[in-house]
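Let me begin by presenting the structure, written as structure tokens, before commenting on it.
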Amino acid sequence: MTQERAADELLTRLRSFHSDYFPRHQQRFQDLVAQGQHPKTLFIGCSDSRLVPYLLTGTGPGELFIVRNVGAFVPPYDGSHGHHGTTAAIEFAVLSLAVERIVVCGHSHCGAIRACYEGAPEEAVNLQRWLKLADEALLPVRPCPEALRRTEERAVVLQLERLMGYPMVRRRVEAGELTLHGWHYVIEEGEIHVFDAQSGDFVPATRSPHAGTGPYRHYVEHDGQVLCD
Ligand SMILES: [Zn+2]
């Protein structure tokens, strides 16, 4: 009975999308069908339900190519971590969509990062293996709130570094055609903290002069502009 009610509620929402939202944005969707999608941003975010990329970035249909997974991790390009949709999405976004930005977005109170310290359920063998992608970001301390937050930030930077191991990413970053952005979303503050490659710090977006420019400082000017040469 409960399940039936839950299913009905979902159906109500589907119908209201069709009858309320879609008519107001119909032209946009039709243009996106006629002209295809040309998103400028690949957004790699944690699956956490509290992280809502469209709200944070003020974007709508056609603007973000999104791949989400537990922890917002980037597997290595060499395939040593097995098949993964995130790897395929990065290759497609860079080679076929020619995105101009890649955002890696972690967040506060991340269950994935906590699980890296505390472990995952025994039966979750794939999750356990997946969490190893953050091993290098872990700190040799007890997971107090401050250590967890530092680890969440370190994990974001680690994924940016791993992105540079993708030949098509490195090539386009070095050509000045692609920028990498490390973000840490602090849920309780309603604010993204942006990784600043020059200082190595995460700076609240309200104070940061740029939206993040990647881990390789020789491509970053003091004003946050990315050099094309
Ligand atoms: Zn998370």
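Simple scheme: letters A, B, ... for chains in structure tokens order, numbers from 1 for residues in each chain, numbers from 1 for ligands in the order shown.
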Inset, instruction - Determine which residues of segment 42-217 of chain A receive a DSSP assignment of strand (DSSP E or B), computed from the backbone, and state them as a VMD selection string. - result: chain A and resid 42 to 46 64 to 69 101 to 107 179 to 186 191 to 195 202 to 204
Residues just named, written with N, CA and C atoms as an mmCIF file, in the first residue's frame:
data_model
loop_
_atom_site.group_PDB
_atom_site.id
_atom_site.type_symbol
_atom_site.label_atom_id
_atom_site.label_comp_id
_atom_site.auth_asym_id
_atom_site.auth_seq_id
_atom_site.Cartn_x
_atom_site.Cartn_y
_atom_site.Cartn_z
ATOM 1 N N LEU A 42 31.504 19.986 -18.320
ATOM 2 C CA LEU A 42 31.344 18.635 -17.777
ATOM 3 C C LEU A 42 31.354 18.768 -16.262
ATOM 4 N N PHE A 43 30.300 18.320 -15.619
ATOM 5 C CA PHE A 43 30.177 18.428 -14.172
ATOM 6 C C PHE A 43 30.292 17.031 -13.578
ATOM 7 N N ILE A 44 31.362 16.793 -12.824
ATOM 8 C CA ILE A 44 31.549 15.509 -12.146
ATOM 9 C C ILE A 44 31.253 15.742 -10.670
ATOM 10 N N GLY A 45 30.108 15.246 -10.209
ATOM 11 C CA GLY A 45 29.705 15.535 -8.839
ATOM 12 C C GLY A 45 29.412 14.279 -8.042
ATOM 13 N N CYS A 46 29.425 14.424 -6.736
ATOM 14 C CA CYS A 46 29.027 13.316 -5.866
ATOM 15 C C CYS A 46 27.526 13.056 -6.061
ATOM 16 N N LEU A 64 24.727 21.626 -18.818
ATOM 17 C CA LEU A 64 25.704 20.825 -18.076
ATOM 18 C C LEU A 64 25.666 19.391 -18.588
ATOM 19 N N PHE A 65 26.849 18.847 -18.893
ATOM 20 C CA PHE A 65 26.948 17.414 -19.138
ATOM 21 C C PHE A 65 27.379 16.816 -17.800
ATOM 22 N N ILE A 66 26.522 15.985 -17.221
ATOM 23 C CA ILE A 66 26.738 15.594 -15.829
ATOM 24 C C ILE A 66 27.041 14.118 -15.688
ATOM 25 N N VAL A 67 28.045 13.815 -14.896
ATOM 26 C CA VAL A 67 28.243 12.439 -14.452
ATOM 27 C C VAL A 67 28.440 12.497 -12.943
ATOM 28 N N ARG A 68 27.705 11.647 -12.263
ATOM 29 C CA ARG A 68 27.787 11.652 -10.798
ATOM 30 C C ARG A 68 28.099 10.250 -10.310
ATOM 31 N N ASN A 69 28.830 10.192 -9.228
ATOM 32 C CA ASN A 69 29.128 8.898 -8.613
ATOM 33 C C ASN A 69 29.407 9.106 -7.134
ATOM 34 N N ARG A 101 35.099 23.385 -19.880
ATOM 35 C CA ARG A 101 35.359 23.347 -18.435
ATOM 36 C C ARG A 101 35.034 21.958 -17.909
ATOM 37 N N ILE A 102 35.841 21.510 -16.952
ATOM 38 C CA ILE A 102 35.468 20.317 -16.194
ATOM 39 C C ILE A 102 35.437 20.697 -14.723
ATOM 40 N N VAL A 103 34.294 20.496 -14.099
ATOM 41 C CA VAL A 103 34.139 20.782 -12.671
ATOM 42 C C VAL A 103 34.139 19.454 -11.913
ATOM 43 N N VAL A 104 34.946 19.374 -10.859
ATOM 44 C CA VAL A 104 34.846 18.248 -9.930
ATOM 45 C C VAL A 104 34.282 18.812 -8.637
ATOM 46 N N CYS A 105 33.103 18.330 -8.240
ATOM 47 C CA CYS A 105 32.412 18.927 -7.095
ATOM 48 C C CYS A 105 32.166 17.922 -5.973
ATOM 49 N N GLY A 106 32.948 18.073 -4.908
ATOM 50 C CA GLY A 106 32.706 17.327 -3.675
ATOM 51 C C GLY A 106 31.853 18.196 -2.753
ATOM 52 N N HIS A 107 31.698 17.773 -1.518
ATOM 53 C CA HIS A 107 30.827 18.549 -0.624
ATOM 54 C C HIS A 107 31.066 18.189 0.838
ATOM 55 N N THR A 179 39.554 24.270 -19.007
ATOM 56 C CA THR A 179 39.977 24.593 -17.644
ATOM 57 C C THR A 179 39.377 23.574 -16.676
ATOM 58 N N LEU A 180 40.107 23.330 -15.606
ATOM 59 C CA LEU A 180 39.661 22.382 -14.584
ATOM 60 C C LEU A 180 39.297 23.153 -13.323
ATOM 61 N N HIS A 181 38.179 22.784 -12.725
ATOM 62 C CA HIS A 181 37.666 23.521 -11.572
ATOM 63 C C HIS A 181 37.394 22.557 -10.420
ATOM 64 N N GLY A 182 38.029 22.788 -9.279
ATOM 65 C CA GLY A 182 37.791 21.968 -8.097
ATOM 66 C C GLY A 182 36.886 22.712 -7.128
ATOM 67 N N TRP A 183 35.745 22.128 -6.825
ATOM 68 C CA TRP A 183 34.787 22.797 -5.933
ATOM 69 C C TRP A 183 34.469 21.921 -4.729
ATOM 70 N N HIS A 184 34.310 22.598 -3.581
ATOM 71 C CA HIS A 184 33.827 21.926 -2.375
ATOM 72 C C HIS A 184 32.574 22.667 -1.933
ATOM 73 N N TYR A 185 31.442 22.011 -2.038
ATOM 74 C CA TYR A 185 30.153 22.635 -1.714
ATOM 75 C C TYR A 185 29.888 22.465 -0.223
ATOM 76 N N VAL A 186 29.772 23.581 0.477
ATOM 77 C CA VAL A 186 29.484 23.533 1.909
ATOM 78 C C VAL A 186 27.970 23.700 2.077
ATOM 79 N N GLU A 191 27.234 27.522 -0.064
ATOM 80 C CA GLU A 191 28.294 28.152 -0.845
ATOM 81 C C GLU A 191 29.318 27.136 -1.341
ATOM 82 N N ILE A 192 29.743 27.366 -2.578
ATOM 83 C CA ILE A 192 30.853 26.596 -3.146
ATOM 84 C C ILE A 192 32.160 27.240 -2.693
ATOM 85 N N HIS A 193 33.110 26.413 -2.244
ATOM 86 C CA HIS A 193 34.467 26.881 -1.999
ATOM 87 C C HIS A 193 35.312 26.409 -3.184
ATOM 88 N N VAL A 194 35.982 27.352 -3.800
ATOM 89 C CA VAL A 194 36.686 27.108 -5.058
ATOM 90 C C VAL A 194 38.163 26.847 -4.804
ATOM 91 N N PHE A 195 38.698 25.811 -5.445
ATOM 92 C CA PHE A 195 40.128 25.527 -5.287
ATOM 93 C C PHE A 195 40.941 26.557 -6.057
ATOM 94 N N PHE A 202 41.056 26.370 -0.595
ATOM 95 C CA PHE A 202 39.689 26.480 -1.089
ATOM 96 C C PHE A 202 39.123 27.806 -0.586
ATOM 97 N N VAL A 203 38.680 28.648 -1.495
ATOM 98 C CA VAL A 203 38.231 29.998 -1.171
ATOM 99 C C VAL A 203 36.733 30.107 -1.448
ATOM 100 N N PRO A 204 35.942 30.632 -0.476
ATOM 101 C CA PRO A 204 34.501 30.791 -0.725
ATOM 102 C C PRO A 204 34.247 31.592 -1.998
#
List all protein, DNA and RNA residues that have an atom no more than 8 Å from any atom of ligand 1, counting only C-alpha atoms and all ligand atoms, and report them as a CSV table (one decimal) with N, CA, C and O atoms, in the first residue's frame.
chain,number,residue,atom,x,y,z
A,46,CYS,N,29.4,14.4,-6.7
A,46,CYS,CA,29.0,13.3,-5.9
A,46,CYS,C,27.5,13.1,-6.1
A,46,CYS,O,26.8,14.0,-6.4
A,47,SER,N,27.1,11.8,-5.9
A,47,SER,CA,25.7,11.4,-6.0
A,47,SER,C,24.8,12.0,-4.9
A,47,SER,O,23.6,11.9,-5.0
A,48,ASP,N,25.4,12.5,-3.9
A,48,ASP,CA,24.6,13.0,-2.7
A,48,ASP,C,23.4,13.8,-3.2
A,48,ASP,O,23.5,14.8,-4.0
A,70,VAL,N,29.6,8.0,-6.4
A,70,VAL,CA,29.8,8.1,-5.0
A,70,VAL,C,31.2,8.8,-4.7
A,70,VAL,O,32.2,8.2,-5.1
A,71,GLY,N,31.2,10.0,-4.2
A,71,GLY,CA,32.4,10.7,-3.9
A,71,GLY,C,32.9,11.7,-4.9
A,71,GLY,O,33.8,12.4,-4.7
A,72,ALA,N,32.3,11.7,-6.1
A,72,ALA,CA,32.8,12.5,-7.2
A,72,ALA,C,34.3,12.1,-7.6
A,72,ALA,O,35.1,13.0,-7.7
A,106,GLY,N,32.9,18.1,-4.9
A,106,GLY,CA,32.7,17.3,-3.7
A,106,GLY,C,31.9,18.2,-2.8
A,106,GLY,O,31.4,19.3,-3.1
A,107,HIS,N,31.7,17.8,-1.5
A,107,HIS,CA,30.8,18.5,-0.6
A,107,HIS,C,31.1,18.2,0.8
A,107,HIS,O,31.7,17.2,1.1
A,108,SER,N,30.5,19.0,1.7
A,108,SER,CA,30.6,18.8,3.1
A,108,SER,C,29.8,17.6,3.6
A,108,SER,O,28.8,17.3,2.9
A,109,HIS,N,30.1,17.0,4.6
A,109,HIS,CA,29.4,15.8,5.2
A,109,HIS,C,29.2,14.7,4.2
A,109,HIS,O,28.1,14.1,4.1
A,110,CYS,N,30.2,14.5,3.4
A,110,CYS,CA,30.2,13.5,2.3
A,110,CYS,C,30.3,12.1,2.9
A,110,CYS,O,31.3,11.7,3.6
A,111,GLY,N,29.3,11.3,2.7
A,111,GLY,CA,29.2,9.9,3.2
A,111,GLY,C,30.3,9.0,2.6
A,111,GLY,O,30.8,8.1,3.3
A,112,ALA,N,30.7,9.3,1.4
A,112,ALA,CA,31.7,8.5,0.7
A,112,ALA,C,33.1,8.7,1.4
A,112,ALA,O,33.8,7.8,1.7
A,113,ILE,N,33.4,10.0,1.7
A,113,ILE,CA,34.7,10.3,2.4
A,113,ILE,C,34.7,9.7,3.8
A,113,ILE,O,35.7,9.1,4.2
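Using only C-alpha atoms, the nearest neighbour of Val94 of chain A within the list A:Glu9, A:Ser19, A:Ala34, A:Thr41 is A:Thr41.
For the pair atom CA of Lys132 of chain A and atom CA of Glu146 of chain A, the separation is 20.8 Å.
Proximity ranking of A:Val74, A:Leu95, A:Ala134, A:Ile90 relative to Arg162 of chain A places A:Val74 first, based on only C-alpha atoms.
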Inset, instruction - Pick out the residues sitting within 12 Å of Cys144 of chain A, and hand them over as an MDAnalysis selection string; count only C-alpha atoms, and ignore anything fewer than 4 positions along from it in its own chain. - result: chainID A and resid 109 113:114 117:118 139:140 148:151
Legend entry - Contacts of Leu160 of chain A within 7 Å, only C-alpha atoms, excl. fewer than 3 positions in-chain, as a ChimeraX atom specification: /A:156-157,163-164,180,182,215
Inset, instruction - Once DSSP has gone over the backbone, tell me which residues of segment 32-228 of chain A are in alpha helix (DSSP H), as an NGL selection string. - result: :A and (32-35 or 53-57 or 85-95 or 111-118 or 125-131 or 145-163 or 167-174)
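Atom CA of Glu136 of chain A is found 19.8 Å from atom CA of Asp196 of chain A.
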Inset, instruction - For His84 of chain A, work out the shell of residues within 12 Å, counting only C-alpha atoms and skipping chain neighbours fewer than 2 positions away, then give it as a list in words. - result: Val67, Arg68, Asn69, Phe73, Val74, Pro75, Pro76, Tyr77, Asp78, Gly79, Ser80, His81, Gly82, Thr86, Thr87, Ala88, Ala89, Ile90, Glu91, Asn126 and Trp130 of chain A
Legend entry - atom CA of Leu32 of chain A to atom CA of Gly85 of chain A, distance in Å rounded to a single decimal: 23.6 Å
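The protein and nucleic acid residues lying at most 12 Å from Pro61 of chain A are Tyr21, Phe22, His25, Gln26, Gln27, Arg28, Phe29, Gln30, Asp31, Leu32, Val33, Gly36, Gln37, His38, Pro39, Pro53, Tyr54, Leu55 and Ile66 of chain A, with only C-alpha atoms considered and sequence neighbours fewer than 5 positions away removed.
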